[in-house]
$ cat final_11.txt   # compact mmCIF, C-alpha atoms
# COMPACT_ATOMS: atom_id res chain seq x y z
CA MET A 1 152.47 92.69 165.99
CA ASN A 2 149.39 90.61 165.56
CA SER A 3 148.78 90.08 161.90
CA SER A 4 145.08 90.95 162.38
CA ASP A 5 146.11 94.48 163.33
CA SER A 6 147.80 95.17 160.05
CA PRO A 7 146.26 97.92 157.91
CA ASP A 8 145.97 95.49 155.03
CA THR A 9 143.89 93.09 157.10
CA HIS A 10 141.64 95.91 158.32
CA ALA A 11 141.18 97.04 154.75
CA GLY A 12 140.29 93.49 153.78
CA THR A 13 137.80 93.20 156.63
CA ALA A 14 136.19 96.49 155.71
CA GLN A 15 135.90 95.35 152.13
CA HIS A 16 134.40 92.07 153.27
CA SER A 17 131.86 93.90 155.45
CA ALA A 18 130.94 96.20 152.60
CA ASN A 19 130.22 93.20 150.42
CA ALA A 20 128.54 91.12 153.10
CA ARG A 21 125.01 92.04 152.13
CA VAL A 22 125.64 91.14 148.52
CA VAL A 23 127.22 87.83 149.45
CA LEU A 24 124.33 86.93 151.78
CA ALA A 25 121.76 87.75 149.12
CA ARG A 26 123.59 85.60 146.63
CA GLU A 27 123.92 82.78 149.12
CA ALA A 28 120.17 82.86 149.58
CA GLY A 29 119.91 81.97 145.95
CA LEU A 30 118.39 85.23 144.90
CA SER A 31 119.73 87.94 142.72
CA PHE A 32 117.78 90.77 144.25
CA GLN A 33 117.37 94.17 142.71
CA PRO A 34 115.91 96.94 144.84
CA PRO A 35 113.28 99.14 143.18
CA LEU A 36 114.84 101.52 140.70
CA VAL A 37 113.76 105.09 140.59
CA SER A 38 112.96 106.89 137.40
CA VAL A 39 114.02 110.40 136.50
CA SER A 40 111.07 111.68 138.53
CA GLY A 41 112.31 109.80 141.61
CA ILE A 42 109.35 107.40 141.64
CA ASP A 43 109.48 103.65 141.23
CA PRO A 44 108.90 103.20 137.46
CA ILE A 45 106.25 100.51 137.93
CA ALA A 46 104.30 102.73 140.34
CA GLU A 47 104.67 105.54 137.81
CA TRP A 48 103.42 103.25 135.03
CA LEU A 49 100.38 102.33 137.14
CA SER A 50 99.54 106.02 137.53
CA LEU A 51 100.02 106.57 133.81
CA MET A 52 97.80 103.63 132.95
CA GLU A 53 95.02 104.98 135.19
CA VAL A 54 94.84 107.99 132.89
CA VAL A 55 95.31 105.95 129.72
CA GLN A 56 92.46 103.70 130.80
CA MET A 57 90.17 106.71 131.19
CA LEU A 58 91.08 108.09 127.78
CA CYS A 59 91.18 104.74 126.00
CA PRO A 60 89.00 102.25 127.85
CA VAL A 61 89.19 99.66 125.09
CA TRP A 62 92.80 98.73 124.52
CA PRO A 63 93.62 96.86 121.32
CA VAL A 64 94.25 93.19 122.00
CA ARG A 65 96.41 90.98 119.84
CA ASP A 66 94.20 89.44 117.18
CA LYS A 67 96.88 87.68 115.19
CA PRO A 68 99.71 85.51 116.43
CA MET A 69 103.27 86.68 116.55
CA HIS A 70 105.21 85.48 113.60
CA GLY A 71 108.76 85.22 112.34
CA SER A 72 111.42 82.64 111.84
CA HIS A 73 114.35 84.28 113.57
CA TRP A 74 114.24 82.78 117.04
CA ARG A 75 117.85 82.72 118.13
CA LEU A 76 117.82 83.66 121.80
CA MET B 1 93.51 99.45 135.47
CA SER B 2 92.93 97.18 138.44
CA ASN B 3 92.08 94.47 135.91
CA LEU B 4 95.61 94.57 134.56
CA VAL B 5 97.11 94.47 138.04
CA GLU B 6 94.83 91.58 138.93
CA GLN B 7 95.69 89.80 135.68
CA ILE B 8 99.39 89.99 136.47
CA ARG B 9 98.87 88.93 140.10
CA GLU B 10 96.78 86.00 138.91
CA ALA B 11 99.45 84.97 136.41
CA LEU B 12 102.19 85.20 139.05
CA SER B 13 100.07 83.12 141.39
CA MET B 14 99.51 80.53 138.66
CA PHE B 15 103.24 80.31 137.99
CA ALA B 16 103.96 79.89 141.69
CA ARG B 17 101.34 77.16 142.09
CA ASN B 18 102.97 75.27 139.26
CA GLY B 19 106.49 75.72 140.56
CA ILE B 20 107.50 77.87 137.61
CA GLU B 21 109.75 80.90 137.92
CA PRO B 22 109.16 83.14 134.91
CA ALA B 23 110.93 86.38 134.11
CA LEU B 24 109.16 89.47 132.91
CA ILE B 25 110.07 90.59 129.40
CA GLY B 26 108.37 92.86 126.85
CA GLY B 27 106.79 96.24 127.46
CA LEU B 28 106.33 95.86 131.19
CA ALA B 29 109.97 94.90 131.62
CA VAL B 30 110.87 98.02 129.66
CA VAL B 31 108.86 100.00 132.23
CA ALA B 32 110.59 98.17 135.08
CA HIS B 33 113.88 99.30 133.56
CA GLN B 34 112.83 102.93 133.86
CA VAL B 35 111.35 103.59 130.43
CA VAL B 36 107.84 104.47 131.51
CA ARG B 37 105.33 104.27 128.67
CA ALA B 38 101.78 103.09 128.23
CA THR B 39 101.62 99.35 127.72
CA LYS B 40 99.38 96.45 128.58
CA ASP B 41 101.77 93.86 127.23
CA VAL B 42 102.10 91.00 129.67
CA ASP B 43 105.03 88.92 128.44
CA PHE B 44 106.94 86.28 130.32
CA LEU B 45 109.98 84.17 129.58
CA VAL B 46 109.53 80.66 130.95
CA GLU B 47 111.56 77.50 130.79
CA ALA B 48 110.56 75.44 127.77
CA GLU B 49 109.97 72.36 129.90
CA ALA B 50 107.09 74.18 131.61
CA ALA B 51 105.24 74.98 128.36
CA ASP B 52 102.61 72.26 128.73
CA ARG B 53 101.96 73.02 132.39
CA VAL B 54 101.58 76.74 131.68
CA HIS B 55 99.35 76.03 128.69
CA ASP B 56 96.98 73.87 130.75
CA ALA B 57 96.96 76.37 133.61
CA LEU B 58 96.18 79.29 131.32
CA LEU B 59 93.32 77.39 129.68
CA ASP B 60 92.00 76.68 133.19
CA LEU B 61 92.08 80.42 133.85
CA GLY B 62 89.94 81.02 130.79
CA TYR B 63 92.56 82.01 128.27
CA LYS B 64 92.35 80.93 124.65
CA CYS B 65 95.53 79.95 122.87
CA LEU B 66 95.97 81.99 119.68
CA TYR B 67 99.27 80.49 118.72
CA ARG B 68 101.86 78.16 120.12
CA SER B 69 105.23 76.97 118.82
CA GLU B 70 108.40 75.71 120.43
CA ASP B 71 109.57 79.33 120.72
CA ALA B 72 106.53 81.34 121.71
CA ALA B 73 102.83 81.38 122.48
CA ASN B 74 100.03 83.96 122.55
CA TYR B 75 97.01 83.74 124.81
CA VAL B 76 93.96 86.00 125.03
CA ARG B 77 91.05 86.26 127.45
CA ALA B 78 88.43 88.84 126.50
CA THR B 79 90.40 92.10 126.49
CA GLU B 80 93.48 90.63 128.15
CA GLY B 81 96.51 89.24 126.41
CA LEU B 82 99.43 87.22 127.69
CA ASP B 83 102.46 86.22 125.64
CA LEU B 84 105.12 83.67 126.44
CA LEU B 85 108.59 83.08 125.12
CA TYR B 86 110.09 79.69 125.88
CA ALA B 87 113.69 79.46 127.02
CA HIS B 88 115.16 76.38 125.39
CA ARG B 89 118.38 77.72 123.91
CA PRO B 90 121.40 78.39 126.13
CA LEU B 91 121.19 82.19 125.80
CA ALA B 92 117.57 82.43 126.89
CA ARG B 93 118.13 79.89 129.65
CA HIS B 94 121.02 81.99 130.91
CA LEU B 95 118.95 85.18 130.80
CA LEU B 96 116.13 83.46 132.65
CA ALA B 97 118.49 82.17 135.32
CA GLN B 98 120.09 85.60 135.75
CA ALA B 99 116.83 87.55 135.98
CA SER B 100 116.72 89.65 139.13
CA VAL B 101 113.93 89.65 141.68
CA ARG B 102 111.94 92.83 142.23
CA GLU B 103 109.15 93.71 144.62
CA THR B 104 106.36 95.38 142.65
CA PRO B 105 102.77 96.45 143.36
CA MET B 106 101.75 93.23 141.58
CA GLY B 107 103.94 91.09 143.79
CA ARG B 108 107.45 89.74 143.71
CA MET B 109 108.60 89.02 140.18
CA ARG B 110 111.77 88.38 138.28
CA ILE B 111 112.78 90.74 135.52
CA VAL B 112 115.20 90.00 132.73
CA SER B 113 118.32 92.18 132.53
CA VAL B 114 118.41 95.31 130.40
CA GLU B 115 120.87 93.65 128.03
CA GLY B 116 118.68 90.57 127.72
CA LEU B 117 115.58 92.68 127.23
CA ILE B 118 117.29 94.53 124.41
CA GLY B 119 118.18 91.16 122.88
CA PHE B 120 114.55 90.04 123.01
CA LYS B 121 113.35 93.36 121.61
CA LEU B 122 115.82 92.99 118.77
CA GLN B 123 114.56 89.46 118.13
CA GLY B 124 111.00 90.81 118.01
CA PHE B 125 111.96 93.48 115.51
CA VAL B 126 113.91 91.07 113.29
CA ASN B 127 110.91 88.75 113.26
CA ASP B 128 108.52 91.55 112.38
CA ALA B 129 110.05 94.72 110.96
CA THR B 130 106.74 96.58 111.39
CA ARG B 131 107.31 96.47 115.17
CA THR B 132 109.16 99.76 115.23
CA ARG B 133 108.16 100.19 118.87
CA ASP B 134 110.80 97.57 119.66
CA LEU B 135 113.44 99.85 118.18
CA ASP B 136 112.06 102.82 120.12
CA ASP B 137 112.29 100.77 123.31
CA ILE B 138 115.86 99.72 122.57
CA ARG B 139 116.81 103.31 121.85
CA ALA B 140 115.27 104.50 125.11
CA LEU B 141 116.88 101.70 127.16
CA LEU B 142 120.28 102.47 125.62
CA LYS B 143 119.86 106.15 126.43
CA ILE B 144 118.97 105.58 130.08
CA HIS B 145 121.40 102.75 130.84
CA ARG B 146 124.22 103.53 128.39
CA THR B 147 126.99 103.89 130.97
CA ARG B 148 126.12 100.70 132.86
CA LEU B 149 125.48 98.29 130.01
CA ASP B 150 127.62 95.30 129.12
CA MET B 151 128.40 96.41 125.58
CA ASP B 152 130.09 93.13 124.66
CA GLU B 153 126.90 91.26 125.54
CA LEU B 154 124.84 93.72 123.52
CA ARG B 155 127.16 93.45 120.52
CA SER B 156 126.81 89.67 120.65
CA TYR B 157 123.01 89.94 120.36
CA PHE B 158 123.20 92.34 117.43
CA ALA B 159 125.73 90.04 115.72
CA LEU B 160 123.47 87.06 116.40
CA PHE B 161 120.72 88.72 114.37
CA ASN B 162 123.11 89.92 111.66
CA LYS B 163 122.59 93.55 112.64
CA PRO B 164 126.02 94.57 113.94
CA GLY B 165 125.71 98.13 112.66
CA LEU B 166 122.27 98.74 114.12
CA LEU B 167 123.57 99.04 117.69
CA ASN B 168 125.64 102.12 116.88
CA GLU B 169 122.75 103.58 114.89
CA LEU B 170 120.45 103.21 117.87
CA ILE B 171 122.99 104.66 120.28
CA GLY B 172 123.12 107.65 117.92
$ encode --input "final_11.txt" --output "structure tokens"
Amino acid sequence: MNSSDSPDTHAGTAQHSANARVVLAREAGLSFQPPLVSVSGIDPIAEWLSLMEVVQMLCPVWPVRDKPMHGSHWRL
Amino acid sequence: MSNLVEQIREALSMFARNGIEPALIGGLAVVAHQVVRATKDVDFLVEAEAADRVHDALLDLGYKCLYRSEDAANYVRATEGLDLLYAHRPLARHLLAQASVRETPMGRMRIVSVEGLIGFKLQGFVNDATRTRDLDDIRALLKIHRTRLDMDELRSYFALFNKPGLLNELIG
């Protein structure tokens, strides 16, 4: 029997095929994450843009930082 | 609203022109990780070696530098703000390198991992305990991503800031 016909080999090939897209993406040098969906099923950034449209109408002047960030615990 | 989108697009374009690959952190990264809340915080993690280039480019775009240290910088332009954290320690460099790419309405951008984002939020809170929003963000991120998080990585961040018990408190 040809070794390539063995169930183990087929299982390995199937596994390899299943992972192929991941491997190719990694080989392209990119760790790519497809858009996530929020609980509502909408891309969270698109949902945030819709939210901010309303926020902008209700609060046209958003507070801007007027003092620098401070602290001495920078460990990351 | 379009101003904010344009501000982010402009910043991404500036980074690209200067050959810099930042990663989104802060409130917008929280949104990208499915905790949708109102925020106009534009925060990026950039490699420390790019600090001078980014500084010059932001001044060219009309920003004023409010503050700058080896760890962080704050820029403002009229009603727009932009904050930077500089990756110069191994942990931040690792988080920057591991940030994943996402297509967004503002363009393609890299976003720091949930675990890394929680680490930066914790750092923000430890530096300024009045920033309780950071804790709210951590709590919300833990709630949404609890089953998929690398708990060892998270524990290491809480230990780093001498807050080992806080993680369990926030998980609830």
$ closest_atom_pairs --input "final_11.txt" --of "chain B" --to "chain A" --cutoff "7 Å" --atoms "only C-alpha atoms" --output "Markdown table"
| residue | atom | partner | partner_atom | distance |
| --- | --- | --- | --- | --- |
| B:Met1 | CA | A:Glu53 | CA | 5.7 |
| B:Val31 | CA | A:Pro44 | CA | 6.1 |
| B:Ala32 | CA | A:Ile45 | CA | 5.7 |
| B:Gln34 | CA | A:Ser38 | CA | 5.3 |
| B:Val36 | CA | A:Trp48 | CA | 5.8 |
| B:Arg37 | CA | A:Trp48 | CA | 6.7 |
| B:Ala38 | CA | A:Met52 | CA | 6.2 |
| B:Leu66 | CA | A:Pro68 | CA | 6.1 |
| B:Tyr67 | CA | A:Pro68 | CA | 5.5 |
| B:Asp71 | CA | A:Trp74 | CA | 6.9 |
| B:Asn74 | CA | A:Pro68 | CA | 6.3 |
| B:Thr79 | CA | A:Val64 | CA | 6.0 |
| B:Glu80 | CA | A:Val64 | CA | 6.7 |
| B:Gly81 | CA | A:Val64 | CA | 6.3 |
| B:Arg89 | CA | A:Leu76 | CA | 6.3 |
| B:Leu91 | CA | A:Leu76 | CA | 5.4 |
| B:Ala92 | CA | A:Leu76 | CA | 5.2 |
| B:Ser100 | CA | A:Ser31 | CA | 5.0 |
| B:Val101 | CA | A:Phe32 | CA | 4.8 |
| B:Arg102 | CA | A:Gln33 | CA | 5.6 |
| B:Glu103 | CA | A:Pro35 | CA | 7.0 |
| B:Thr104 | CA | A:Ile45 | CA | 7.0 |
| B:Gln123 | CA | A:Trp74 | CA | 6.8 |
| B:Val126 | CA | A:His73 | CA | 6.8 |
| B:Asn127 | CA | A:Gly71 | CA | 4.2 |
| B:Asp128 | CA | A:Gly71 | CA | 6.3 |
$ write_last_selection --input "final_11.txt" --atoms "C-alpha atoms" --output "PDB file, in the coordinates of the input"
ATOM      1  CA  MET B   1      93.510  99.450 135.470  1.00  0.00           C
ATOM      2  CA  VAL B  31     108.860 100.000 132.230  1.00  0.00           C
ATOM      3  CA  ALA B  32     110.590  98.170 135.080  1.00  0.00           C
ATOM      4  CA  GLN B  34     112.830 102.930 133.860  1.00  0.00           C
ATOM      5  CA  VAL B  36     107.840 104.470 131.510  1.00  0.00           C
ATOM      6  CA  ARG B  37     105.330 104.270 128.670  1.00  0.00           C
ATOM      7  CA  ALA B  38     101.780 103.090 128.230  1.00  0.00           C
ATOM      8  CA  LEU B  66      95.970  81.990 119.680  1.00  0.00           C
ATOM      9  CA  TYR B  67      99.270  80.490 118.720  1.00  0.00           C
ATOM     10  CA  ASP B  71     109.570  79.330 120.720  1.00  0.00           C
ATOM     11  CA  ASN B  74     100.030  83.960 122.550  1.00  0.00           C
ATOM     12  CA  THR B  79      90.400  92.100 126.490  1.00  0.00           C
ATOM     13  CA  GLU B  80      93.480  90.630 128.150  1.00  0.00           C
ATOM     14  CA  GLY B  81      96.510  89.240 126.410  1.00  0.00           C
ATOM     15  CA  ARG B  89     118.380  77.720 123.910  1.00  0.00           C
ATOM     16  CA  LEU B  91     121.190  82.190 125.800  1.00  0.00           C
ATOM     17  CA  ALA B  92     117.570  82.430 126.890  1.00  0.00           C
ATOM     18  CA  SER B 100     116.720  89.650 139.130  1.00  0.00           C
ATOM     19  CA  VAL B 101     113.930  89.650 141.680  1.00  0.00           C
ATOM     20  CA  ARG B 102     111.940  92.830 142.230  1.00  0.00           C
ATOM     21  CA  GLU B 103     109.150  93.710 144.620  1.00  0.00           C
ATOM     22  CA  THR B 104     106.360  95.380 142.650  1.00  0.00           C
ATOM     23  CA  GLN B 123     114.560  89.460 118.130  1.00  0.00           C
ATOM     24  CA  VAL B 126     113.910  91.070 113.290  1.00  0.00           C
ATOM     25  CA  ASN B 127     110.910  88.750 113.260  1.00  0.00           C
ATOM     26  CA  ASP B 128     108.520  91.550 112.380  1.00  0.00           C
TER      27      ASP B 128
END
$ residues_around --input "final_11.txt" --residues "Glu49 of chain B" --least-positions-apart "3" --cutoff "9 Å" --atoms "only C-alpha atoms" --output "PyMOL selection string"
chain B and resi 46+52-53+86-88
$ atom_distance --input "final_11.txt" --atom1 "atom CA of His55 of chain B" --atom2 "atom CA of Ala78 of chain B"
17.0 Å
$ closest_residue --input "final_11.txt" --among "B:Asp56, B:Asp43, B:Glu153, B:Glu115" --to "Leu141 of chain B" --atoms "all atoms listed in the file"
B:Glu115
$ residues_around --input "final_11.txt" --residues "segment 15-18 of chain B" --least-positions-apart "5" --cutoff "10 Å" --atoms "only C-alpha atoms" --output "compact mmCIF listing (two decimals) with C-alpha atoms, in the coordinates of the input"
# COMPACT_ATOMS: atom_id res chain seq x y z
CA ARG B 9 98.87 88.93 140.10
CA GLU B 10 96.78 86.00 138.91
CA VAL B 46 109.53 80.66 130.95
CA ALA B 50 107.09 74.18 131.61
CA ARG B 53 101.96 73.02 132.39
CA VAL B 54 101.58 76.74 131.68
CA ALA B 57 96.96 76.37 133.61
CA LEU B 58 96.18 79.29 131.32
$ residues_around --input "final_11.txt" --residues "Ala72 of chain B" --least-positions-apart "2" --cutoff "7 Å" --atoms "all atoms listed in the file" --output "short mmCIF file (atom, residue, chain, number, x, y, z; two decimals) with C-alpha atoms, keeping the file's coordinate frame"
data_model
loop_
_atom_site.label_atom_id
_atom_site.label_comp_id
_atom_site.auth_asym_id
_atom_site.auth_seq_id
_atom_site.Cartn_x
_atom_site.Cartn_y
_atom_site.Cartn_z
CA ARG B 68 101.86 78.16 120.12
CA SER B 69 105.23 76.97 118.82
CA GLU B 70 108.40 75.71 120.43
CA LEU B 84 105.12 83.67 126.44
CA LEU B 85 108.59 83.08 125.12
CA TYR B 86 110.09 79.69 125.88
#
